[in-house]
$ cat model-v7.txt   # compact mmCIF, C-alpha atoms and all ligand atoms
# COMPACT_ATOMS: atom_id res chain seq x y z
CA MET A 291 -0.91 2.57 34.21
CA PRO A 292 2.62 1.26 33.63
CA GLU A 293 3.84 1.38 30.03
CA LEU A 294 3.35 -1.55 27.69
CA SER A 295 6.22 -3.11 25.78
CA ASN A 296 7.75 -1.19 22.88
CA ARG A 297 7.11 -4.12 20.59
CA VAL A 298 3.31 -3.93 20.81
CA GLY A 299 3.42 -0.36 19.55
CA THR A 300 5.08 -1.38 16.31
CA PHE A 301 2.31 -3.36 14.66
CA THR A 302 -1.46 -3.15 14.36
CA ASP A 303 -4.06 -5.82 14.82
CA SER A 304 -4.55 -8.04 11.77
CA VAL A 305 -6.48 -6.14 9.10
CA ILE A 306 -7.65 -9.52 7.71
CA ARG A 307 -9.23 -10.52 10.99
CA ARG A 308 -10.52 -6.95 11.55
CA MET A 309 -12.38 -7.05 8.24
CA THR A 310 -14.17 -10.22 9.38
CA ARG A 311 -15.33 -8.45 12.53
CA ILE A 312 -16.64 -5.46 10.57
CA SER A 313 -18.23 -7.77 8.02
CA ASP A 314 -20.07 -9.63 10.80
CA GLU A 315 -21.21 -6.34 12.30
CA TYR A 316 -22.88 -5.34 9.02
CA ASP A 317 -23.95 -8.85 8.05
CA ALA A 318 -22.03 -8.64 4.78
CA ILE A 319 -20.88 -11.57 2.63
CA ASN A 320 -17.44 -12.14 4.05
CA LEU A 321 -14.89 -12.66 1.28
CA SER A 322 -12.10 -11.14 3.38
CA GLN A 323 -10.53 -13.61 5.83
CA GLY A 324 -9.98 -16.86 3.95
CA PHE A 325 -12.00 -19.74 5.35
CA PRO A 326 -14.70 -21.94 3.84
CA ASP A 327 -18.42 -21.70 4.58
CA PHE A 328 -18.92 -25.45 4.12
CA ASP A 329 -18.43 -28.35 6.52
CA PRO A 330 -15.31 -30.43 6.91
CA PRO A 331 -15.50 -34.01 5.54
CA ARG A 332 -18.10 -36.13 7.30
CA GLU A 333 -15.52 -38.69 8.45
CA ILE A 334 -13.64 -36.00 10.35
CA MET A 335 -16.79 -34.72 12.04
CA ASP A 336 -17.75 -38.28 13.01
CA ALA A 337 -14.29 -38.82 14.46
CA LEU A 338 -14.68 -35.61 16.48
CA ALA A 339 -18.00 -36.82 17.88
CA LYS A 340 -16.35 -40.08 18.84
CA ALA A 341 -13.43 -38.29 20.48
CA ALA A 342 -15.92 -36.35 22.61
CA TYR A 343 -16.63 -39.55 24.54
CA ALA A 344 -13.60 -41.73 23.91
CA GLY A 345 -11.07 -38.93 24.43
CA PRO A 346 -8.32 -37.94 24.61
CA HIS A 347 -9.22 -34.92 26.72
CA GLN A 348 -5.89 -34.30 28.41
CA TYR A 349 -2.64 -32.93 26.95
CA SER A 350 -1.16 -34.80 24.07
CA ILE A 351 2.62 -35.05 23.87
CA THR A 352 3.72 -31.43 23.60
CA PHE A 353 5.08 -31.77 20.05
CA GLY A 354 2.00 -33.66 18.85
CA ALA A 355 0.06 -36.87 19.43
CA GLU A 356 1.93 -39.92 18.20
CA ASN A 357 -0.73 -41.17 15.75
CA PHE A 358 -1.19 -37.66 14.35
CA ARG A 359 2.54 -37.27 13.73
CA GLU A 360 2.80 -40.72 12.21
CA ALA A 361 -0.01 -39.95 9.79
CA LEU A 362 1.57 -36.58 8.99
CA ALA A 363 4.95 -38.19 8.37
CA ARG A 364 3.37 -40.61 5.89
CA LYS A 365 1.40 -37.93 4.03
CA GLN A 366 4.06 -35.23 3.91
CA GLY A 367 6.84 -37.75 3.37
CA LYS A 368 5.25 -38.47 0.01
CA ALA A 369 5.09 -34.76 -0.84
CA ILE A 370 8.69 -34.15 0.22
CA GLY A 371 9.94 -37.40 -1.28
CA ARG A 372 11.75 -38.80 1.76
CA THR A 373 11.07 -40.66 4.97
CA ILE A 374 10.12 -38.21 7.71
CA ASP A 375 10.84 -39.30 11.26
CA PRO A 376 7.69 -38.52 13.29
CA GLU A 377 9.68 -38.39 16.55
CA GLU A 378 12.52 -36.17 15.44
CA GLU A 379 11.35 -34.13 12.47
CA ILE A 380 7.83 -32.86 13.24
CA VAL A 381 6.31 -30.40 15.69
CA VAL A 382 2.53 -30.07 15.77
CA THR A 383 1.44 -26.50 16.49
CA CYS A 384 -1.69 -24.41 17.04
CA GLY A 385 -2.26 -23.63 13.39
CA GLY A 386 0.09 -22.56 10.64
CA THR A 387 0.27 -19.22 12.48
CA GLU A 388 2.12 -20.74 15.43
CA ALA A 389 4.21 -22.86 13.06
CA MET A 390 5.52 -19.72 11.33
CA MET A 391 6.13 -17.88 14.60
CA CYS A 392 7.84 -20.93 16.04
CA ALA A 393 10.09 -21.22 12.97
CA MET A 394 11.05 -17.56 13.18
CA MET A 395 11.78 -17.72 16.91
CA THR A 396 13.80 -20.88 16.40
CA VAL A 397 16.16 -19.44 13.78
CA CYS A 398 16.27 -15.67 14.37
CA ASN A 399 18.19 -13.57 16.84
CA PRO A 400 17.02 -10.00 17.39
CA GLY A 401 18.48 -7.92 14.57
CA ASP A 402 18.76 -10.81 12.11
CA LYS A 403 17.57 -10.05 8.61
CA VAL A 404 14.85 -12.10 6.99
CA LEU A 405 13.89 -11.94 3.32
CA VAL A 406 10.18 -11.64 2.64
CA PHE A 407 8.59 -11.47 -0.81
CA SER A 408 6.15 -8.62 -1.27
CA PRO A 409 3.17 -9.03 -1.52
CA PHE A 410 3.23 -11.20 1.59
CA TYR A 411 0.79 -12.75 4.02
CA GLU A 412 0.12 -10.16 6.71
CA ASN A 413 1.34 -12.31 9.62
CA TYR A 414 4.97 -12.30 8.47
CA GLY A 415 5.41 -8.64 9.43
CA ALA A 416 4.27 -9.32 13.00
CA ASP A 417 6.25 -12.60 13.07
CA ALA A 418 9.37 -10.60 12.26
CA ILE A 419 8.68 -7.95 14.89
CA LEU A 420 7.86 -10.47 17.63
CA SER A 421 10.96 -12.52 16.89
CA GLY A 422 13.10 -9.38 16.62
CA ALA A 423 14.03 -9.93 12.97
CA ASP A 424 14.30 -7.14 10.38
CA PRO A 425 12.50 -7.94 7.14
CA ILE A 426 14.07 -7.13 3.78
CA TYR A 427 11.34 -7.12 1.15
CA ILE A 428 11.91 -8.59 -2.29
CA PRO A 429 9.28 -7.50 -4.82
CA LEU A 430 7.18 -10.01 -6.71
CA VAL A 431 6.44 -8.08 -9.88
CA PRO A 432 2.88 -8.19 -11.24
CA PRO A 433 1.21 -9.39 -13.39
CA THR A 434 3.26 -12.62 -13.26
CA TYR A 435 4.64 -11.94 -9.78
CA HIS A 436 8.12 -13.01 -10.78
CA PHE A 437 11.17 -11.92 -8.77
CA ASP A 438 14.47 -10.49 -9.89
CA PRO A 439 17.26 -12.93 -8.89
CA VAL A 440 19.69 -9.98 -8.69
CA LEU A 441 17.57 -8.28 -6.04
CA LEU A 442 17.16 -11.59 -4.26
CA GLU A 443 20.91 -12.18 -4.17
CA ASP A 444 21.41 -8.64 -2.96
CA GLY A 445 19.10 -9.50 -0.05
CA PHE A 446 21.08 -12.62 0.78
CA GLN A 447 24.30 -10.63 0.56
CA GLN A 448 23.01 -8.33 3.29
CA GLY A 449 23.41 -11.32 5.58
CA ALA A 450 19.88 -12.72 5.62
CA LYS A 451 19.40 -15.49 8.13
CA ALA A 452 16.31 -16.84 6.42
CA ILE A 453 13.86 -16.33 3.61
CA ILE A 454 10.11 -16.84 3.91
CA VAL A 455 8.51 -18.48 0.87
CA CYS A 456 4.72 -18.69 0.81
CA ASN A 457 3.96 -21.24 -1.88
CA PRO A 458 1.26 -21.11 -3.21
CA SER A 459 1.35 -17.48 -2.33
CA ASN A 460 -1.22 -15.57 -0.36
CA PRO A 461 -2.47 -13.02 -1.57
CA CYS A 462 -1.32 -13.09 -5.21
CA GLY A 463 -1.93 -16.78 -5.94
CA LYS A 464 1.56 -17.29 -7.35
CA VAL A 465 2.83 -20.87 -7.51
CA PHE A 466 6.61 -20.91 -7.56
CA THR A 467 8.00 -23.07 -10.34
CA ARG A 468 10.61 -25.68 -9.62
CA GLU A 469 13.17 -23.49 -11.40
CA GLU A 470 12.32 -20.50 -9.22
CA LEU A 471 12.58 -22.63 -6.09
CA GLU A 472 15.96 -23.85 -7.28
CA VAL A 473 17.17 -20.27 -7.68
CA ILE A 474 16.00 -19.43 -4.15
CA GLY A 475 17.29 -22.70 -2.70
CA ASN A 476 20.70 -22.43 -4.32
CA MET A 477 21.13 -18.95 -2.91
CA ALA A 478 20.00 -20.06 0.54
CA VAL A 479 22.66 -22.78 0.45
CA LYS A 480 25.31 -20.43 -0.96
CA TYR A 481 24.68 -17.83 1.76
CA ASP A 482 23.95 -20.38 4.48
CA ALA A 483 20.40 -19.26 5.20
CA PHE A 484 17.23 -21.12 6.11
CA VAL A 485 14.18 -21.29 3.90
CA ILE A 486 10.98 -21.08 5.93
CA THR A 487 8.07 -22.15 3.77
CA ASP A 488 4.37 -21.61 4.28
CA GLU A 489 2.56 -24.24 2.21
CA VAL A 490 -0.93 -24.17 3.65
CA TYR A 491 -2.49 -23.94 0.17
CA GLU A 492 -0.47 -26.88 -1.21
CA HIS A 493 -3.61 -28.71 -2.36
CA MET A 494 -5.08 -25.67 -4.14
CA VAL A 495 -2.81 -25.48 -7.17
CA TYR A 496 -4.65 -25.19 -10.47
CA ALA A 497 -3.62 -26.94 -13.68
CA PRO A 498 -1.26 -26.61 -15.43
CA ASN A 499 0.61 -25.36 -12.35
CA HIS A 500 2.22 -27.84 -10.02
CA HIS A 501 3.21 -27.62 -6.37
CA THR A 502 6.80 -28.42 -5.51
CA CYS A 503 7.95 -28.58 -1.90
CA MET A 504 11.16 -26.64 -1.35
CA ALA A 505 12.27 -29.41 1.02
CA SER A 506 12.02 -31.95 -1.83
CA LEU A 507 14.75 -30.29 -3.91
CA PRO A 508 18.16 -31.99 -3.80
CA GLY A 509 20.11 -30.76 -0.79
CA MET A 510 17.32 -28.50 0.45
CA TYR A 511 15.85 -30.59 3.26
CA GLU A 512 18.67 -29.56 5.60
CA HIS A 513 18.04 -25.88 4.87
CA THR A 514 14.24 -25.85 4.95
CA ILE A 515 11.65 -25.52 7.68
CA THR A 516 8.32 -26.46 6.15
CA CYS A 517 5.32 -24.85 7.84
CA ASN A 518 1.87 -26.09 7.04
CA SER A 519 -1.60 -26.52 8.43
CA LEU A 520 -4.70 -28.69 8.17
CA SER A 521 -6.99 -25.64 8.09
CA LYS A 522 -7.46 -25.26 4.37
CA THR A 523 -6.97 -28.86 3.28
CA TYR A 524 -9.71 -30.25 5.54
CA SER A 525 -11.84 -27.08 5.95
CA ILE A 526 -11.11 -26.88 9.69
CA THR A 527 -9.63 -23.39 10.13
CA GLY A 528 -11.10 -23.13 13.64
CA TRP A 529 -9.34 -26.26 14.84
CA ARG A 530 -5.96 -24.55 14.76
CA LEU A 531 -3.86 -27.53 13.72
CA GLY A 532 -0.55 -26.82 12.06
CA TYR A 533 2.94 -28.23 12.01
CA LEU A 534 6.60 -27.76 11.19
CA ILE A 535 8.75 -30.32 9.42
CA GLY A 536 12.50 -30.00 9.29
CA PRO A 537 15.86 -31.53 10.06
CA ALA A 538 16.09 -33.07 13.55
CA GLN A 539 18.49 -30.47 14.94
CA VAL A 540 16.16 -27.61 14.02
CA ILE A 541 13.06 -29.44 15.21
CA GLU A 542 14.70 -30.22 18.55
CA ALA A 543 14.97 -26.48 19.17
CA ALA A 544 11.54 -25.73 17.68
CA LYS A 545 9.98 -28.24 20.09
CA LYS A 546 11.23 -26.13 23.01
CA VAL A 547 9.90 -22.89 21.54
CA HIS A 548 6.53 -24.49 20.86
CA ASP A 549 6.33 -26.11 24.28
CA PHE A 550 6.72 -22.82 26.10
CA LEU A 551 4.48 -20.89 23.72
CA THR A 552 1.42 -23.16 23.80
CA VAL A 553 2.32 -26.60 25.28
CA GLY A 554 0.36 -28.24 22.53
CA ALA A 555 -2.45 -28.32 20.01
CA ALA A 556 -5.87 -29.58 21.15
CA ALA A 557 -5.67 -33.33 21.79
CA PRO A 558 -9.20 -34.37 20.74
CA LEU A 559 -8.87 -32.37 17.55
CA GLN A 560 -5.59 -34.07 16.67
CA GLU A 561 -7.28 -37.41 17.26
CA ALA A 562 -10.20 -36.56 14.95
CA ALA A 563 -8.06 -34.94 12.27
CA THR A 564 -5.83 -38.01 12.02
CA VAL A 565 -8.68 -39.57 10.04
CA GLY A 566 -8.24 -36.82 7.45
CA LEU A 567 -4.47 -37.27 7.25
CA ASN A 568 -5.14 -40.90 6.34
CA PHE A 569 -7.53 -40.06 3.48
CA PRO A 570 -6.67 -41.61 0.12
CA GLU A 571 -5.26 -39.54 -2.75
CA SER A 572 -8.74 -39.20 -4.26
CA TYR A 573 -9.73 -36.80 -1.44
CA TYR A 574 -7.16 -34.26 -2.56
CA GLN A 575 -8.15 -34.64 -6.21
CA GLU A 576 -11.78 -33.99 -5.33
CA LEU A 577 -10.83 -31.00 -3.19
CA LEU A 578 -8.88 -29.56 -6.09
CA GLU A 579 -11.75 -30.17 -8.52
CA LYS A 580 -14.10 -28.42 -6.14
CA TYR A 581 -11.87 -25.34 -5.85
CA THR A 582 -11.09 -25.37 -9.57
CA GLY A 583 -14.86 -25.10 -10.16
CA LYS A 584 -15.22 -22.32 -7.60
CA ARG A 585 -12.32 -20.41 -9.11
CA LYS A 586 -13.90 -20.52 -12.56
CA HIS A 587 -17.30 -19.57 -11.16
CA PHE A 588 -15.91 -16.59 -9.28
CA LEU A 589 -13.59 -15.34 -12.03
CA ASP A 590 -16.38 -15.66 -14.64
CA GLY A 591 -18.59 -13.70 -12.27
CA LEU A 592 -16.00 -10.94 -11.87
CA ASP A 593 -15.59 -10.81 -15.66
CA SER A 594 -19.34 -10.57 -16.15
CA ILE A 595 -19.48 -7.40 -14.07
CA GLY A 596 -16.31 -5.91 -15.57
CA LEU A 597 -14.04 -6.08 -12.52
CA LYS A 598 -10.37 -6.41 -13.38
CA HIS A 599 -8.55 -9.16 -11.50
CA ASN A 600 -5.56 -11.47 -11.51
CA VAL A 601 -5.93 -15.19 -12.23
CA PRO A 602 -4.49 -17.08 -9.26
CA GLN A 603 -2.37 -20.14 -10.04
CA GLY A 604 -3.05 -21.40 -6.54
CA THR A 605 -4.87 -20.51 -3.26
CA TYR A 606 -8.45 -19.22 -3.18
CA PHE A 607 -7.59 -15.54 -3.29
CA VAL A 608 -8.12 -13.03 -6.09
CA LEU A 609 -6.78 -9.48 -6.26
CA VAL A 610 -9.29 -7.08 -7.78
CA ASP A 611 -8.24 -3.72 -9.21
CA ILE A 612 -10.34 -0.86 -7.82
CA SER A 613 -8.49 2.02 -9.56
CA GLN A 614 -11.50 2.94 -11.70
CA PHE A 615 -13.62 3.47 -8.60
CA LEU A 616 -11.00 5.32 -6.59
CA ALA A 617 -10.73 7.79 -9.50
CA LEU A 618 -14.36 8.86 -8.92
CA GLU A 619 -15.04 12.12 -7.12
CA GLN A 620 -17.08 10.21 -4.52
CA PHE A 621 -13.95 8.39 -3.32
CA ALA A 622 -11.53 11.32 -3.39
CA GLY A 623 -8.95 10.81 -0.66
CA TYR A 624 -10.07 7.23 0.01
CA THR A 625 -7.50 4.60 0.91
CA ASP A 626 -8.11 0.99 -0.05
CA LEU A 627 -9.06 0.40 3.60
CA ASP A 628 -11.65 3.19 3.43
CA PHE A 629 -12.97 1.63 0.24
CA CYS A 630 -13.26 -1.81 1.87
CA GLU A 631 -15.15 -0.35 4.81
CA TRP A 632 -17.43 1.55 2.41
CA MET A 633 -17.97 -1.65 0.45
CA ILE A 634 -19.01 -3.63 3.53
CA LYS A 635 -21.57 -0.99 4.47
CA ASN A 636 -22.87 -0.08 1.00
CA VAL A 637 -22.34 -3.16 -1.18
CA GLY A 638 -22.55 -5.86 1.46
CA VAL A 639 -19.34 -7.65 0.50
CA ALA A 640 -16.18 -7.73 2.64
CA ALA A 641 -12.67 -7.71 1.15
CA VAL A 642 -9.18 -7.11 2.54
CA PRO A 643 -7.36 -3.94 1.44
CA GLY A 644 -4.36 -4.82 -0.73
CA SER A 645 -2.09 -2.48 1.22
CA SER A 646 -2.10 -5.04 4.07
CA PHE A 647 0.02 -7.29 1.88
CA PHE A 648 2.44 -4.97 0.11
CA LYS A 649 5.59 -3.25 1.26
CA GLU A 650 5.28 -1.00 -1.78
CA GLU A 651 2.74 1.84 -1.82
CA VAL A 652 -0.28 0.01 -3.19
CA ASN A 653 -3.74 1.48 -2.84
CA HIS A 654 -5.59 0.10 -5.87
CA LEU A 655 -6.13 -3.57 -4.99
CA ILE A 656 -8.50 -5.48 -2.76
CA ARG A 657 -8.32 -9.20 -1.96
CA LEU A 658 -11.41 -11.39 -2.21
CA HIS A 659 -11.66 -15.15 -1.73
CA PHE A 660 -13.91 -17.79 -3.24
CA ALA A 661 -14.04 -20.49 -0.53
CA ARG A 662 -17.80 -20.13 -0.58
CA GLU A 663 -20.81 -22.13 -1.72
CA GLU A 664 -21.74 -21.29 -5.29
CA ALA A 665 -25.00 -19.57 -4.29
CA THR A 666 -23.02 -17.27 -1.98
CA ILE A 667 -20.56 -16.51 -4.77
CA ASP A 668 -23.50 -15.64 -7.06
CA GLU A 669 -24.98 -13.33 -4.46
CA ALA A 670 -21.61 -11.67 -3.88
CA ILE A 671 -21.19 -11.11 -7.63
CA ALA A 672 -24.72 -9.68 -7.86
CA ARG A 673 -23.88 -7.25 -5.06
CA LEU A 674 -20.48 -6.34 -6.52
CA GLY A 675 -22.25 -5.70 -9.83
CA LYS A 676 -23.67 -2.58 -8.21
CA LEU A 677 -20.19 -1.08 -8.28
CA GLN A 678 -20.47 -0.73 -12.06
CA LYS A 679 -23.44 1.60 -11.62
CA LEU A 680 -21.08 4.08 -9.97
CA LEU A 681 -19.17 4.36 -13.22
CA GLU A 682 -22.28 5.08 -15.27
CA VAL A 683 -23.14 8.33 -13.49
N1 LIG B 1 -4.83 -17.23 5.68
C1 LIG B 1 -6.14 -16.64 5.80
C2 LIG B 1 -6.21 -15.32 5.07
O1 LIG B 1 -5.24 -14.84 4.59
C3 LIG B 1 -6.52 -16.35 7.21
C4 LIG B 1 -5.70 -17.02 8.24
C5 LIG B 1 -5.96 -16.46 9.58
O2 LIG B 1 -6.68 -15.49 9.74
N2 LIG B 1 -5.31 -17.05 10.52
O3 LIG B 1 -7.26 -14.74 5.00
$ encode --input "model-v7.txt" --output "structure tokens"
Amino acid sequence: MPELSNRVGTFTDSVIRRMTRISDEYDAINLSQGFPDFDPPREIMDALAKAAYAGPHQYSITFGAENFREALARKQGKAIGRTIDPEEEIVVTCGGTEAMMCAMMTVCNPGDKVLVFSPFYENYGADAILSGADPIYIPLVPPTYHFDPVLLEDGFQQGAKAIIVCNPSNPCGKVFTREELEVIGNMAVKYDAFVITDEVYEHMVYAPNHHTCMASLPGMYEHTITCNSLSKTYSITGWRLGYLIGPAQVIEAAKKVHDFLTVGAAAPLQEAATVGLNFPESYYQELLEKYTGKRKHFLDGLDSIGLKHNVPQGTYFVLVDISQFLALEQFAGYTDLDFCEWMIKNVGVAAVPGSSFFKEEVNHLIRLHFAREEATIDEAIARLGKLQKLLEV
């Protein structure tokens, strides 16, 4: 067989998605890949049923159906605090995943450096490789996951073309404060770099924390490519609807990249999801209340069985410390990945190994999520409670 490209040898499949497959194989409770186990809002499902007969069933405009972009411009214009032009400043993509890849391919030449905070969402590594960029990792230091502005500036001084800011941050749940965003933004302007944001958890920010869009800061719109998705906000991760928002010149180029990557996101799904984009403010408040309740339920559960964890400011992810288990004879030589596989088979709960998210050598964390019905969370906690028995021996 002829050889495959060099690039495919330089990254693995997604460990997040792999854990879902293993979880399904063993019928475990899947708290690995983040997606909800409850239905999208009724109005969106009804609109989908309607679209099945009324259409559209053919391609939408490559950069997104007009009504979808208009609704997006209204909703995100409020978040960013300016009028967004739906013709010139938005590209609709197949999920946030394509939005990020499209942003990277739009701004990076092979060999360009891109700053990435560590821990980071797994996709950014592959995004960098596929777009030819070289990541420079800037540590977010636990337990607060703050960054050192000196290290950040050092990264910019190495000639970074862009910085990726996941806010709220998967997997550590950090919500960047306005002041932190200003530090990052000011440096991006000073060193003439782009900020590529990933804001898919924008509506899961727990009080007293507050989500600020990088693009809303004075002078930052021209330097920012905002990537986002409808997956988490409307519980439709399988619909693969995402988008980029940015200055017209950038979006003009991003439209071309997107067009040749995928042509467009599914037309009937854009039609149905437009209903969601037009929801009143109360929808987002209720969503937040729901996840605030789930967060408390899950964290209380973890506390009740003595598992050490961080308290996420945003997202639905929690990092759990497994050091005490890895220290047991039974797990000698285990990596966090081995532990996660063991856990699926023996505890019946799936998690993602923390090492998938860190540039640093980290073997003592696993990521769990709580986008689950309360009864499922209770069952997961009951199962995880069995871990404590290991310590009693
Ligand atoms: N963002 C989700 C996670 O981190 C999954 C997204 C995906 O698999 N595309 O689990």
$ atom_distance --input "model-v7.txt" --atom1 "CA of Thr516 in chain A" --atom2 "CA of Gly536 in chain A"
6.3 Å
$ residues_near_ligand --input "model-v7.txt" --ligand "ligand LIG 1 (chain B)" --cutoff "6 Å" --atoms "all atoms listed in the file" --output "list in words"
Ile306, Arg307, Gln323 and Gly324 of chain A
$ closest_atom_pairs --input "model-v7.txt" --of "range 297-376 of chain A" --to "range 497-505 of chain A" --cutoff "10 Å" --atoms "only C-alpha atoms" --output "tab-separated table"
residue	atom	partner	partner_atom	distance
A:Gln366	CA	A:Cys503	CA	9.6
A:Ala369	CA	A:Cys503	CA	6.9
A:Ile370	CA	A:Ala505	CA	6.0
A:Gly371	CA	A:Ala505	CA	8.6
A:Arg372	CA	A:Ala505	CA	9.4
$ closest_atom_pairs --input "model-v7.txt" --of "range 557-650 of chain A" --to "range 666-674 of chain A" --cutoff "10 Å" --atoms "all atoms listed in the file" --output "JSON lines"
{"residue": "A:Lys584", "atom": "CA", "partner": "A:Ile667", "partner_atom": "CA", "distance": 8.4}
{"residue": "A:His587", "atom": "CA", "partner": "A:Ile667", "partner_atom": "CA", "distance": 7.8}
{"residue": "A:Phe588", "atom": "CA", "partner": "A:Ile667", "partner_atom": "CA", "distance": 6.5}
{"residue": "A:Leu589", "atom": "CA", "partner": "A:Ile671", "partner_atom": "CA", "distance": 9.7}
{"residue": "A:Asp590", "atom": "CA", "partner": "A:Ile671", "partner_atom": "CA", "distance": 9.6}
{"residue": "A:Gly591", "atom": "CA", "partner": "A:Ile671", "partner_atom": "CA", "distance": 5.9}
{"residue": "A:Leu592", "atom": "CA", "partner": "A:Ile671", "partner_atom": "CA", "distance": 6.7}
{"residue": "A:Asp593", "atom": "CA", "partner": "A:Ile671", "partner_atom": "CA", "distance": 9.8}
{"residue": "A:Ser594", "atom": "CA", "partner": "A:Ile671", "partner_atom": "CA", "distance": 8.7}
{"residue": "A:Ile595", "atom": "CA", "partner": "A:Ile671", "partner_atom": "CA", "distance": 7.6}
{"residue": "A:Gly596", "atom": "CA", "partner": "A:Leu674", "partner_atom": "CA", "distance": 10.0}
{"residue": "A:Leu597", "atom": "CA", "partner": "A:Leu674", "partner_atom": "CA", "distance": 8.8}
{"residue": "A:Met633", "atom": "CA", "partner": "A:Leu674", "partner_atom": "CA", "distance": 8.8}
{"residue": "A:Asn636", "atom": "CA", "partner": "A:Arg673", "partner_atom": "CA", "distance": 9.4}
{"residue": "A:Val637", "atom": "CA", "partner": "A:Arg673", "partner_atom": "CA", "distance": 5.8}
{"residue": "A:Gly638", "atom": "CA", "partner": "A:Arg673", "partner_atom": "CA", "distance": 6.8}
{"residue": "A:Val639", "atom": "CA", "partner": "A:Ala670", "partner_atom": "CA", "distance": 6.4}
{"residue": "A:Ala640", "atom": "CA", "partner": "A:Ala670", "partner_atom": "CA", "distance": 9.4}
$ residues_around --input "model-v7.txt" --residues "range 456-465 of chain A" --least-positions-apart "5" --cutoff "8 Å" --atoms "all atoms listed in the file" --output "MDAnalysis selection string"
chainID A and resid 409:411 434:435 487:492 494:495 499:501 600:609 647 657
$ write_last_selection --input "model-v7.txt" --atoms "C-alpha atoms" --output "PDB file, in the frame of the given file"
ATOM      1  CA  PRO A 409       3.170  -9.030  -1.520  1.00  0.00           C
ATOM      2  CA  PHE A 410       3.230 -11.200   1.590  1.00  0.00           C
ATOM      3  CA  TYR A 411       0.790 -12.750   4.020  1.00  0.00           C
ATOM      4  CA  THR A 434       3.260 -12.620 -13.260  1.00  0.00           C
ATOM      5  CA  TYR A 435       4.640 -11.940  -9.780  1.00  0.00           C
ATOM      6  CA  THR A 487       8.070 -22.150   3.770  1.00  0.00           C
ATOM      7  CA  ASP A 488       4.370 -21.610   4.280  1.00  0.00           C
ATOM      8  CA  GLU A 489       2.560 -24.240   2.210  1.00  0.00           C
ATOM      9  CA  VAL A 490      -0.930 -24.170   3.650  1.00  0.00           C
ATOM     10  CA  TYR A 491      -2.490 -23.940   0.170  1.00  0.00           C
ATOM     11  CA  GLU A 492      -0.470 -26.880  -1.210  1.00  0.00           C
ATOM     12  CA  MET A 494      -5.080 -25.670  -4.140  1.00  0.00           C
ATOM     13  CA  VAL A 495      -2.810 -25.480  -7.170  1.00  0.00           C
ATOM     14  CA  ASN A 499       0.610 -25.360 -12.350  1.00  0.00           C
ATOM     15  CA  HIS A 500       2.220 -27.840 -10.020  1.00  0.00           C
ATOM     16  CA  HIS A 501       3.210 -27.620  -6.370  1.00  0.00           C
ATOM     17  CA  ASN A 600      -5.560 -11.470 -11.510  1.00  0.00           C
ATOM     18  CA  VAL A 601      -5.930 -15.190 -12.230  1.00  0.00           C
ATOM     19  CA  PRO A 602      -4.490 -17.080  -9.260  1.00  0.00           C
ATOM     20  CA  GLN A 603      -2.370 -20.140 -10.040  1.00  0.00           C
ATOM     21  CA  GLY A 604      -3.050 -21.400  -6.540  1.00  0.00           C
ATOM     22  CA  THR A 605      -4.870 -20.510  -3.260  1.00  0.00           C
ATOM     23  CA  TYR A 606      -8.450 -19.220  -3.180  1.00  0.00           C
ATOM     24  CA  PHE A 607      -7.590 -15.540  -3.290  1.00  0.00           C
ATOM     25  CA  VAL A 608      -8.120 -13.030  -6.090  1.00  0.00           C
ATOM     26  CA  LEU A 609      -6.780  -9.480  -6.260  1.00  0.00           C
ATOM     27  CA  PHE A 647       0.020  -7.290   1.880  1.00  0.00           C
ATOM     28  CA  ARG A 657      -8.320  -9.200  -1.960  1.00  0.00           C
TER      29      ARG A 657
END
$ closest_residue --input "model-v7.txt" --among "A:Phe328, A:Tyr511, A:Phe466, A:Tyr533" --to "Arg359 in chain A" --atoms "only C-alpha atoms"
A:Tyr533
$ residues_near_point --input "model-v7.txt" --point "(20.1, -7.8, 16.0)" --cutoff "8 Å" --atoms "only C-alpha atoms" --output "mmCIF file with C-alpha atoms, keeping the file's coordinate frame"
data_model
loop_
_atom_site.group_PDB
_atom_site.id
_atom_site.type_symbol
_atom_site.label_atom_id
_atom_site.label_comp_id
_atom_site.auth_asym_id
_atom_site.auth_seq_id
_atom_site.Cartn_x
_atom_site.Cartn_y
_atom_site.Cartn_z
ATOM 1 C CA ASN A 399 18.190 -13.570 16.840
ATOM 2 C CA PRO A 400 17.020 -10.000 17.390
ATOM 3 C CA GLY A 401 18.480 -7.920 14.570
ATOM 4 C CA ASP A 402 18.760 -10.810 12.110
ATOM 5 C CA GLY A 422 13.100 -9.380 16.620
ATOM 6 C CA ALA A 423 14.030 -9.930 12.970
#
$ closest_residue --input "model-v7.txt" --among "A:Phe660, A:Phe353, A:Phe437, A:Tyr624" --to "Ala543 in chain A" --atoms "all atoms listed in the file"
A:Phe353
$ closest_residue --input "model-v7.txt" --among "A:His659, A:Ser295, A:Pro330, A:Ile634" --to "Leu577 in chain A" --atoms "only C-alpha atoms"
A:Pro330
$ atom_distance --input "model-v7.txt" --atom1 "CA of Val404 in chain A" --atom2 "CA of Gly449 in chain A"
8.7 Å
